Every structure is written in structure tokens, then in C-alpha cells.
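See below for my_file00.txt, which holds compact mmCIF, C-alpha atoms.
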# COMPACT_ATOMS: atom_id res chain seq x y z
CA MET P 1303 -29.00 -102.84 -9.61
CA GLY P 1304 -27.06 -105.48 -7.72
CA ASN P 1305 -24.92 -105.01 -4.68
CA PHE P 1306 -21.37 -104.04 -5.47
CA PRO P 1307 -18.53 -105.49 -3.43
CA GLU P 1308 -16.78 -103.12 -1.08
CA VAL P 1309 -13.81 -101.43 -2.75
CA LYS P 1310 -10.82 -100.82 -0.52
CA PRO P 1311 -8.42 -97.91 -1.15
CA TRP P 1312 -5.73 -98.80 -3.60
CA VAL P 1313 -3.01 -97.07 -1.58
CA THR P 1314 -2.91 -97.88 2.14
CA CYS P 1315 -0.46 -97.68 4.96
CA ASP P 1316 -0.26 -101.48 5.21
CA ARG P 1317 3.27 -102.64 4.61
CA TRP P 1318 3.91 -105.10 1.84
CA PRO P 1319 3.82 -108.08 1.80
CA PRO P 1320 0.78 -109.14 3.79
CA PRO P 1321 1.25 -111.68 6.57
CA GLN P 1322 0.42 -114.58 4.31
CA LEU P 1323 3.29 -113.64 1.98
CA GLN P 1324 5.97 -112.85 4.55
CA SER P 1325 8.30 -115.32 2.88
CA LEU P 1326 8.43 -113.23 -0.29
CA SER P 1327 10.96 -110.45 -0.62
CA PRO P 1328 9.27 -107.07 -0.04
CA PRO P 1329 9.61 -104.22 -2.54
CA PRO P 1330 11.76 -101.25 -1.62
CA CYS P 1331 10.42 -98.94 1.07
CA GLY P 1332 8.40 -96.14 -0.42
CA TRP P 1333 6.58 -98.34 -2.87
CA GLN P 1334 3.58 -100.63 -2.56
CA SER P 1335 3.21 -103.81 -4.56
CA PRO P 1336 0.48 -103.69 -7.20
CA ARG P 1337 -2.84 -105.45 -6.63
CA SER P 1338 -2.37 -107.44 -9.79
CA GLN P 1339 0.31 -108.15 -12.30
CA ARG P 1340 -1.17 -105.61 -14.69
CA ASP P 1341 -0.80 -102.76 -12.18
CA ALA P 1342 2.43 -100.76 -11.75
CA PRO P 1343 3.98 -100.21 -8.33
CA VAL P 1344 2.72 -97.10 -6.59
CA PRO P 1345 4.36 -94.85 -3.91
CA ASP P 1346 3.78 -95.77 -0.31
CA PRO P 1347 2.89 -92.43 1.42
CA CYS P 1348 3.29 -93.83 4.92
CA CYS P 1349 6.78 -95.08 4.22
CA CYS P 1350 7.75 -91.76 2.65
CA CYS P 1351 6.39 -89.87 5.63
CA SER P 1352 8.41 -92.01 7.96
CA HIS P 1353 11.57 -90.99 6.11
CA LEU P 1354 10.61 -87.27 6.06
CA ALA P 1355 9.79 -87.10 9.76
CA PRO P 1356 13.40 -86.49 10.93
CA LEU P 1357 13.85 -83.83 8.25
CA LEU P 1358 10.67 -82.05 9.31
CA LEU P 1359 11.77 -82.14 12.95
CA LEU P 1360 15.17 -80.69 12.01
CA ALA P 1361 13.50 -77.89 10.03
CA VAL P 1362 11.36 -76.95 13.04
CA VAL P 1363 14.43 -76.87 15.31
CA ILE P 1364 16.33 -74.65 12.85
CA ARG P 1365 13.35 -72.35 12.47
CA TYR P 1366 12.99 -71.74 16.21
CA THR P 1367 16.76 -71.37 16.63
CA VAL P 1368 16.84 -68.62 14.00
CA LEU P 1369 13.88 -66.93 15.68
CA LEU P 1370 15.63 -67.00 19.06
CA ILE P 1371 18.85 -65.56 17.61
CA THR P 1372 16.87 -62.79 15.89
CA LEU P 1373 15.13 -61.84 19.13
CA LEU P 1374 18.41 -61.77 21.08
CA SER P 1375 20.11 -59.67 18.39
CA THR P 1376 17.25 -57.17 18.36
CA TRP P 1377 17.30 -56.90 22.16
CA PHE P 1378 21.07 -56.36 22.12
CA ILE P 1379 20.86 -53.54 19.54
CA VAL P 1380 18.08 -51.79 21.45
CA GLN P 1381 19.95 -52.00 24.76
CA THR P 1382 23.24 -50.87 23.21
CA PHE P 1383 22.01 -47.86 21.29
CA PHE P 1384 19.03 -46.65 23.27
CA ASP P 1385 19.94 -47.26 26.88
CA ARG P 1386 20.28 -43.85 28.54
CA SER P 1387 23.18 -44.95 30.67
CA TRP P 1388 25.08 -46.17 27.58
CA LYS P 1389 26.55 -49.02 29.55
CA ALA P 1390 28.22 -51.88 27.78
CA ILE P 1391 26.26 -55.12 27.98
CA SER P 1392 28.20 -58.30 28.50
CA PRO P 1393 27.02 -61.69 27.18
CA ARG P 1394 26.54 -62.84 30.78
CA SER P 1395 23.89 -60.20 31.31
CA TRP P 1396 21.89 -61.60 28.39
CA LEU P 1397 21.46 -64.78 30.36
CA GLY P 1398 20.38 -62.92 33.49
CA ALA P 1399 23.66 -63.21 35.33
CA ILE P 1400 24.14 -60.68 38.11
CA ASN P 1401 27.13 -58.46 37.47
CA LYS P 1402 29.07 -57.92 40.65
CA PRO P 1403 30.62 -54.46 41.00
CA SER P 1404 34.26 -54.49 40.05
CA SER P 1405 36.76 -53.37 42.61
CA LYS P 1406 38.94 -52.00 39.81
CA GLN P 1407 37.63 -48.80 38.28
CA LEU P 1408 39.09 -46.69 35.51
CA PRO P 1409 41.11 -43.75 36.83
CA GLN P 1410 39.28 -40.43 36.89
CA HIS P 1411 41.38 -37.77 35.17
CA LYS P 1412 40.83 -34.37 36.71
CA CYS P 1413 39.55 -31.55 34.48
CA GLY P 1414 39.44 -34.08 31.62
CA ASN P 1415 43.22 -33.98 31.65
CA LYS P 1416 45.81 -36.72 31.61
CA SER P 1417 46.80 -38.18 34.95
CA CYS P 1418 49.15 -35.82 36.76
CA PRO P 1419 52.09 -36.94 38.94
CA LYS P 1420 52.14 -36.53 42.67
CA ASP P 1421 52.42 -32.95 43.97
CA HIS P 1422 50.93 -31.53 40.77
CA PHE P 1423 47.57 -29.94 40.05
CA ALA P 1424 45.63 -30.78 36.87
CA PHE P 1425 44.22 -27.77 35.09
CA LYS P 1426 42.44 -26.81 31.88
CA ILE P 1427 41.96 -23.26 30.58
CA THR P 1428 39.75 -22.47 27.58
CA SER P 1429 39.50 -19.02 26.05
CA GLY P 1430 36.30 -17.54 24.73
CA ALA P 1431 35.18 -18.09 21.14
CA ALA P 1432 34.63 -14.68 19.50
CA ASN P 1433 32.12 -12.79 21.66
CA VAL P 1434 29.64 -15.68 21.75
CA VAL P 1435 31.02 -18.59 23.80
CA GLY P 1436 32.55 -17.71 27.15
CA PRO P 1437 35.81 -19.03 28.61
CA SER P 1438 36.23 -21.63 31.33
CA ILE P 1439 38.87 -22.36 33.95
CA CYS P 1440 39.16 -25.75 35.67
CA PHE P 1441 41.69 -26.49 38.42
CA ASP P 1442 42.19 -29.74 40.34
CA ASP P 1443 38.91 -31.12 38.97
CA MET P 1444 36.91 -28.05 40.01
CA VAL P 1445 35.42 -25.57 37.54
CA LEU P 1446 36.37 -22.17 38.90
CA MET P 1447 34.95 -19.92 36.17
CA SER P 1448 32.49 -20.60 33.34
CA SER P 1449 29.29 -19.40 31.71
CA MET P 1450 27.36 -21.96 33.74
CA LYS P 1451 28.70 -20.45 36.97
CA ASN P 1452 27.81 -16.99 35.68
CA ASN P 1453 31.11 -15.47 36.84
CA ILE P 1454 32.82 -14.55 33.56
CA GLY P 1455 32.87 -11.35 31.53
CA ARG P 1456 34.31 -9.66 28.47
CA GLY P 1457 38.06 -9.01 28.68
CA LEU P 1458 40.27 -10.99 31.08
CA ASN P 1459 38.94 -13.65 33.45
CA ILE P 1460 41.33 -14.45 36.31
CA ALA P 1461 41.24 -17.07 39.09
CA LEU P 1462 43.64 -17.07 42.03
CA VAL P 1463 44.51 -20.37 43.74
CA ASN P 1464 46.67 -21.20 46.75
CA GLY P 1465 49.80 -22.77 45.28
CA THR P 1466 50.23 -25.20 48.17
CA SER P 1467 46.73 -26.41 49.01
CA GLY P 1468 45.02 -25.78 45.67
CA GLN P 1469 42.21 -23.89 47.41
CA LEU P 1470 40.41 -21.22 45.41
CA LEU P 1471 41.13 -17.74 46.74
CA LYS P 1472 39.37 -15.36 44.37
CA THR P 1473 37.89 -14.93 40.89
CA ASP P 1474 37.17 -11.78 38.91
CA SER P 1475 36.70 -10.50 35.36
CA PHE P 1476 37.97 -7.24 33.89
CA ASP P 1477 36.49 -5.40 30.92
CA MET P 1478 39.50 -4.59 28.75
CA TYR P 1479 37.54 -2.71 26.10
CA SER P 1480 35.68 -0.04 28.06
CA GLY P 1481 36.42 -0.85 31.71
CA ASP P 1482 38.72 0.73 34.28
CA ILE P 1483 42.27 -0.60 33.92
CA ASN P 1484 43.09 0.57 37.46
CA LYS P 1485 40.79 -2.13 38.80
CA LEU P 1486 42.97 -4.81 37.19
CA ASP P 1487 46.16 -3.02 38.31
CA THR P 1488 45.04 -3.09 41.93
CA PHE P 1489 43.94 -6.73 41.67
CA LEU P 1490 47.37 -7.82 40.38
CA GLN P 1491 49.27 -5.84 43.00
CA GLU P 1492 47.39 -7.56 45.83
CA ILE P 1493 48.31 -11.09 44.73
CA LYS P 1494 50.31 -12.79 47.47
CA TYR P 1495 53.51 -14.76 47.05
CA GLY P 1496 52.96 -18.42 46.13
CA THR P 1497 49.57 -17.81 44.48
CA ILE P 1498 48.80 -19.54 41.17
CA VAL P 1499 47.19 -17.22 38.60
CA LEU P 1500 44.95 -18.65 35.83
CA THR P 1501 43.86 -16.29 33.06
CA ALA P 1502 41.52 -16.68 30.06
CA SER P 1503 40.59 -14.03 27.49
CA TYR P 1504 37.13 -13.37 26.10
CA ASP P 1505 36.30 -11.06 23.18
CA ASP P 1506 38.95 -8.31 23.64
CA PRO P 1507 41.78 -8.65 26.21
CA ALA P 1508 44.01 -5.72 25.41
CA THR P 1509 42.44 -2.41 24.33
CA LYS P 1510 42.83 -0.91 27.83
CA MET P 1511 46.10 -2.70 28.55
CA ASN P 1512 49.00 -0.45 29.62
CA ASP P 1513 52.70 -1.02 30.26
CA LYS P 1514 52.25 -1.20 34.03
CA VAL P 1515 49.76 -4.03 33.81
CA ARG P 1516 51.82 -5.84 31.17
CA THR P 1517 54.84 -5.68 33.49
CA GLN P 1518 52.88 -7.24 36.33
CA PHE P 1519 51.83 -10.15 34.11
CA MET P 1520 55.43 -10.59 33.03
CA GLU P 1521 56.43 -10.86 36.69
CA LEU P 1522 53.92 -13.70 36.99
CA GLY P 1523 55.79 -15.52 34.22
CA SER P 1524 54.10 -14.36 31.00
CA SER P 1525 56.08 -14.21 27.75
CA HIS P 1526 53.28 -13.11 25.41
CA VAL P 1527 51.50 -10.33 27.29
CA SER P 1528 53.80 -7.71 25.74
CA LYS P 1529 52.43 -8.65 22.29
CA LEU P 1530 48.79 -8.97 23.35
CA GLY P 1531 46.52 -6.93 21.08
CA PHE P 1532 42.91 -6.14 20.17
CA ARG P 1533 40.73 -9.26 20.03
CA ASP P 1534 43.66 -11.66 20.44
CA ASN P 1535 43.04 -14.92 22.29
CA TRP P 1536 45.20 -15.66 25.32
CA VAL P 1537 45.35 -18.35 28.03
CA PHE P 1538 47.96 -18.28 30.77
CA LEU P 1539 48.92 -19.94 34.04
CA GLY P 1540 51.60 -18.24 36.16
CA ALA P 1541 52.44 -17.66 39.80
CA LYS P 1542 53.53 -14.85 42.09
CA GLY P 1543 57.21 -15.30 42.88
CA LEU P 1544 57.96 -17.44 39.82
CA ASN P 1545 61.65 -17.19 38.99
CA ASN P 1546 61.42 -18.30 35.36
CA LYS P 1547 58.95 -17.86 32.53
CA SER P 1548 55.86 -20.04 32.76
CA PRO P 1549 55.64 -22.97 30.32
CA PHE P 1550 51.84 -22.71 30.43
CA GLU P 1551 50.85 -19.99 27.97
CA GLU P 1552 49.25 -19.80 24.54
CA HIS P 1553 48.51 -16.77 22.39
CA ILE P 1554 46.95 -16.35 18.95
CA LYS P 1555 46.83 -13.05 17.10
CA ASN P 1556 43.74 -11.45 15.61
CA ASP P 1557 44.54 -11.74 11.90
CA GLU P 1558 41.85 -10.96 9.36
CA LYS P 1559 43.36 -13.41 6.86
CA LYS P 1560 43.66 -16.27 9.34
CA ASN P 1561 40.75 -15.72 11.73
CA LYS P 1562 38.43 -18.66 12.18
CA TYR P 1563 35.51 -16.43 13.11
CA ASP P 1564 34.44 -13.14 11.57
CA GLY P 1565 36.74 -10.69 13.37
CA TRP P 1566 38.14 -13.15 15.94
CA PRO P 1567 40.77 -15.93 15.93
CA GLU P 1568 40.00 -19.49 16.93
CA MET P 1569 39.42 -20.54 20.51
CA LEU P 1570 42.42 -21.64 22.57
CA GLU P 1571 42.48 -24.61 24.93
CA MET P 1572 45.39 -25.46 27.22
CA GLU P 1573 45.73 -28.23 29.79
CA GLY P 1574 48.55 -29.56 31.87
CA CYS P 1575 49.93 -30.30 35.33
CA ALA P 1576 51.04 -27.35 37.48
CA PRO P 1577 53.56 -28.18 40.23
CA ARG P 1578 52.50 -27.67 43.79
CA LYS P 1579 54.43 -25.03 45.73
CA MET P 1580 56.48 -26.82 48.33
CA ASP P 1581 57.35 -24.85 51.49

Please go through the file and, once you have read it, give me the structure as C-alpha cells.
Amino acid sequence: MGNFPEVKPWVTCDRWPPPQLQSLSPPPCGWQSPRSQRDAPVPDPCCCCSHLAPLLLLAVVIRYTVLLITLLSTWFIVQTFFDRSWKAISPRSWLGAINKPSSKQLPQHKCGNKSCPKDHFAFKITSGAANVVGPSICFDDMVLMSSMKNNIGRGLNIALVNGTSGQLLKTDSFDMYSGDINKLDTFLQEIKYGTIVLTASYDDPATKMNDKVRTQFMELGSSHVSKLGFRDNWVFLGAKGLNNKSPFEEHIKNDEKKNKYDGWPEMLEMEGCAPRKMD
């Protein structure tokens, strides 16, 4: 067999026309001129690639941009919902900016109450819920009585506070179902003038109640103690030496048809601002 001449690839990256035919008008980019008149024009892959290069670069940029946004979004969700401190994350912190502590802080409302005016004490009194959840008494942002402090009991829970300074004087609980009513009678008689009295019921506040004790609570400013009955809920803030009836009192009757719990009414919660006693 004879030697065959070397056959060059039909499609190359050489641009048409060759140097010797530079004077002829070239075919449109993307096509190569045929080798002979019988051949049809064929696509020029190199020219096509040159046109696709910017599009490919743009696609890569978009792809990495979407990836970056996805990573930032995931990080934001994790920090927002799983951070133990539950602190809000500002966009500046995403970029590593150092957050300087703000000199302006949100006002701290005492006892979870609204902001009280000057010369007033914030307070919050919560009765017990049935015979399961104990009451709590908060005064001037200090919890005076609660289950956590282990100083509450069935019946009436009473805290005494100095009406001028707001200082806690005494706390005690009195079993009004099977306890000694004389203990409560003596306690009320010893309250000094100008003392603020905070009271919260738990379970049963009235089985052992007598007229003498009711009268003493009325002198402290109560309007509902005369109607207080078995397993009622009652919260009250009064003071020794108060000339008028106290505006801080709530009472709900034990009514089988309306009770929230089986045998007990719903829990009561009262908050407000008690005026300071001015000498």
C-alpha cells in the first residue's frame, strides 16, 4: 500500500480566511468556510466558545452568590432561634462589626408592672390556683412571698411593709381551714400605723374567719372581706391608718357553675402602684 497524505482535521480553531485570502470577506463568526465548493459551512467551535465565555463566567458568579446568601441565611436562622441568650442580631454583626454597648437601655419595670410615678411603690399580688399552685407577693421589685421562697401556706399569706421606706417588716401565713384564728387576730392587732399590708389567699381563706378579724381587715381598707367565703380567691393591699377604702382589692367567689378548677375559682392577679406614705 502506498503512503497516504496527512489528513488535517476538518474543523480547526484557525479563523477564516487564511492569510493568503485576507482580502476576501470572511464568513460570519461561528462558522468555518468549507474546504471545497461541494462542502457546506460548518460551525466554528472556537468562535462559539469565545461568545459563551462571558455567559459561563456570569453563571459561575451567580452560583457562588446564591451559595453565599444561603450560608448567611442559614447562619442567621440558627443564631436567631437557637442562641440561648435570645439576643437580636443586627446586620452589622454578620459582617463582624463590634457592637458598642448602648448608653440607652430599656426601662426596667418593677415586679413586671408598668412604670410607677415618683413616690409610689410597684406591686403585684397573685393568689393561689386551687390547692396546687401557691400565691406570690412582689413589692418594689422584690418577691416577698412565694413557693420558691418556701414561706407560703394554706389560707391567708400576709406581708407587712414600711409605708415610707418600702422595707419589708414581716411575713406570715395563717391556716384558715383548721388553724388557730387567734394567731391571725393577734398579728393584725400588732400592725403599726403607716404599715402597708399585702394579702393573698391560697386554697381556703375563710372557714375560720370571724367578725372580729373581718373588722380588722375592713379597718385596713378592705371592702370584700365581709363577703369572703369558703375557697374564695382574694388579693388585697391596704394600710394601717387608711382613711378610705383601698382601691387595690379583687375577690372571686367559689361558684360550682363558674369555677375554673374542680372546686376552686380561677386564680387572681393584681398589680398597681401604691402611694408612699409621706410624713

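Residues within 7 Å of Asp1443 in chain P, counting only C-alpha atoms and excluding same-chain residues fewer than 2 positions away, are Lys1412, Cys1413, Cys1440, Phe1441 and Val1445 of chain P.
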
Could the residues in this selection be written to a file with C-alpha atoms, as a tab-separated table (two decimals), in the coordinates of the input?
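Result file is selection11.tsv:
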chain	number	residue	atom	x	y	z
P	1412	LYS	CA	40.83	-34.37	36.71
P	1413	CYS	CA	39.55	-31.55	34.48
P	1440	CYS	CA	39.16	-25.75	35.67
P	1441	PHE	CA	41.69	-26.49	38.42
P	1445	VAL	CA	35.42	-25.57	37.54

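Closest approach to Gln1518 in chain P among P:Asn1545, P:Thr1497, P:Thr1488, P:Asn1556 is made by P:Thr1488 (distances from only C-alpha atoms).
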
For this session: Counting all atoms listed in the file, note down every residue that has an atom within 12 Å of the point (50.0, -29.8, 33.8) (file coordinates), as a ChimeraX atom specification.
Result: /P:1411-1427,1440-1442,1539-1540,1548-1551,1572-1578

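Pairwise distance (CA of Thr1466 in chain P, CA of Tyr1495 in chain P) equals 11.0 Å.
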
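CA of Leu1458 in chain P is positioned 9.1 Å from CA of Leu1486 in chain P.
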
For this session: Kindly give the distance, in Å, that separates CA of Asn1452 in chain P and CA of Thr1473 in chain P, rounded to a single decimal.
Result: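 These atoms are spaced 11.5 Å apart.
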
Seminar exercise, completed: Shortest contact to Ile1439 in chain P, candidates P:Phe1538, P:Trp1566, P:Trp1377, P:Tyr1479, atoms counted all atoms listed in the file, goes to P:Phe1538

Please define a box with edges along x, y and z of the file around all atoms of range 1367-1377 of chain P given in the file, extend it by 5 Å on each side, and return its centre and edge lengths in Å to one decimal, as AutoDock Vina command-line options.
--center_x 17.0 --center_y -64.1 --center_z 18.1 --size_x 16.2 --size_y 24.5 --size_z 18.2

Exercise. Given the choices P:Asp1482, P:Asp1557, P:Asp1487, P:Glu1492, which gets closest to Lys1510 in chain P if the distance is worked out from only C-alpha atoms?
Worked result: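 Selected residue with least distance to Lys1510 in chain P: P:Asp1482.
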
File output for range 1448-1459 of chain P (all heavy atoms) as a CSV table (one decimal), in the first residue's frame:
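File produced: out-v3.csv:
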chain,number,residue,atom,x,y,z
P,1448,SER,N,-43.4,33.5,98.2
P,1448,SER,CA,-43.7,32.7,97.0
P,1448,SER,C,-43.4,31.2,97.4
P,1448,SER,O,-42.7,31.0,98.4
P,1448,SER,CB,-42.8,33.1,95.8
P,1448,SER,OG,-41.5,32.9,96.1
P,1449,SER,N,-43.7,30.3,96.5
P,1449,SER,CA,-43.4,28.9,96.7
P,1449,SER,C,-41.9,28.7,96.7
P,1449,SER,O,-41.3,27.9,97.4
P,1449,SER,CB,-44.0,28.1,95.6
P,1449,SER,OG,-45.5,28.2,95.7
P,1450,MET,N,-41.2,29.5,95.8
P,1450,MET,CA,-39.7,29.4,95.7
P,1450,MET,C,-39.1,29.8,97.0
P,1450,MET,O,-38.0,29.2,97.4
P,1450,MET,CB,-39.2,30.2,94.5
P,1450,MET,CG,-39.7,29.7,93.2
P,1450,MET,SD,-39.0,28.1,92.7
P,1450,MET,CE,-37.3,28.5,92.6
P,1451,LYS,N,-39.6,30.8,97.7
P,1451,LYS,CA,-39.0,31.2,98.9
P,1451,LYS,C,-39.5,30.3,100.1
P,1451,LYS,O,-39.0,30.5,101.2
P,1451,LYS,CB,-39.4,32.7,99.2
P,1451,LYS,CG,-38.9,33.7,98.2
P,1451,LYS,CD,-39.2,35.1,98.5
P,1451,LYS,CE,-38.5,35.6,99.7
P,1451,LYS,NZ,-37.0,35.8,99.4
P,1452,ASN,N,-40.4,29.4,99.8
P,1452,ASN,CA,-40.8,28.5,100.8
P,1452,ASN,C,-41.4,29.2,102.1
P,1452,ASN,O,-41.1,28.8,103.2
P,1452,ASN,CB,-39.7,27.5,101.2
P,1452,ASN,CG,-40.2,26.3,101.9
P,1452,ASN,OD1,-41.3,25.8,101.7
P,1452,ASN,ND2,-39.4,25.7,102.8
P,1453,ASN,N,-42.2,30.2,101.9
P,1453,ASN,CA,-42.7,30.9,103.1
P,1453,ASN,C,-44.2,31.2,102.9
P,1453,ASN,O,-44.7,32.2,103.4
P,1453,ASN,CB,-41.9,32.2,103.3
P,1453,ASN,CG,-42.1,33.2,102.1
P,1453,ASN,OD1,-42.5,32.9,101.1
P,1453,ASN,ND2,-41.6,34.5,102.4
P,1454,ILE,N,-44.9,30.3,102.2
P,1454,ILE,CA,-46.3,30.5,102.0
P,1454,ILE,C,-47.0,29.3,102.6
P,1454,ILE,O,-46.4,28.3,102.9
P,1454,ILE,CB,-46.7,30.6,100.5
P,1454,ILE,CG1,-46.3,29.3,99.8
P,1454,ILE,CG2,-46.1,31.8,99.9
P,1454,ILE,CD1,-46.9,29.2,98.4
P,1455,GLY,N,-48.3,29.4,102.8
P,1455,GLY,CA,-49.1,28.3,103.3
P,1455,GLY,C,-50.6,28.4,103.0
P,1455,GLY,O,-51.0,29.4,102.4
P,1456,ARG,N,-51.3,27.3,103.3
P,1456,ARG,CA,-52.8,27.3,103.0
P,1456,ARG,C,-53.5,28.4,103.9
P,1456,ARG,O,-53.1,28.6,105.0
P,1456,ARG,CB,-53.3,26.0,103.3
P,1456,ARG,CG,-54.8,25.8,103.1
P,1456,ARG,CD,-55.3,24.5,103.4
P,1456,ARG,NE,-55.2,24.1,104.8
P,1456,ARG,CZ,-55.7,22.9,105.3
P,1456,ARG,NH1,-56.3,22.0,104.5
P,1456,ARG,NH2,-55.5,22.6,106.6
P,1457,GLY,N,-54.4,29.1,103.3
P,1457,GLY,CA,-55.2,30.1,104.0
P,1457,GLY,C,-54.8,31.5,103.5
P,1457,GLY,O,-55.0,31.8,102.3
P,1458,LEU,N,-54.4,32.4,104.4
P,1458,LEU,CA,-54.0,33.8,104.1
P,1458,LEU,C,-52.5,34.0,104.2
P,1458,LEU,O,-52.0,33.6,105.3
P,1458,LEU,CB,-54.8,34.8,105.0
P,1458,LEU,CG,-56.3,34.8,104.8
P,1458,LEU,CD1,-56.9,35.8,105.7
P,1458,LEU,CD2,-56.7,35.2,103.3
P,1459,ASN,N,-51.9,34.6,103.2
P,1459,ASN,CA,-50.5,34.9,103.2
P,1459,ASN,C,-50.4,36.4,103.3
P,1459,ASN,O,-50.9,37.1,102.4
P,1459,ASN,CB,-49.8,34.3,102.0
P,1459,ASN,CG,-49.9,32.8,102.0
P,1459,ASN,OD1,-49.0,32.1,102.5
P,1459,ASN,ND2,-50.9,32.2,101.4
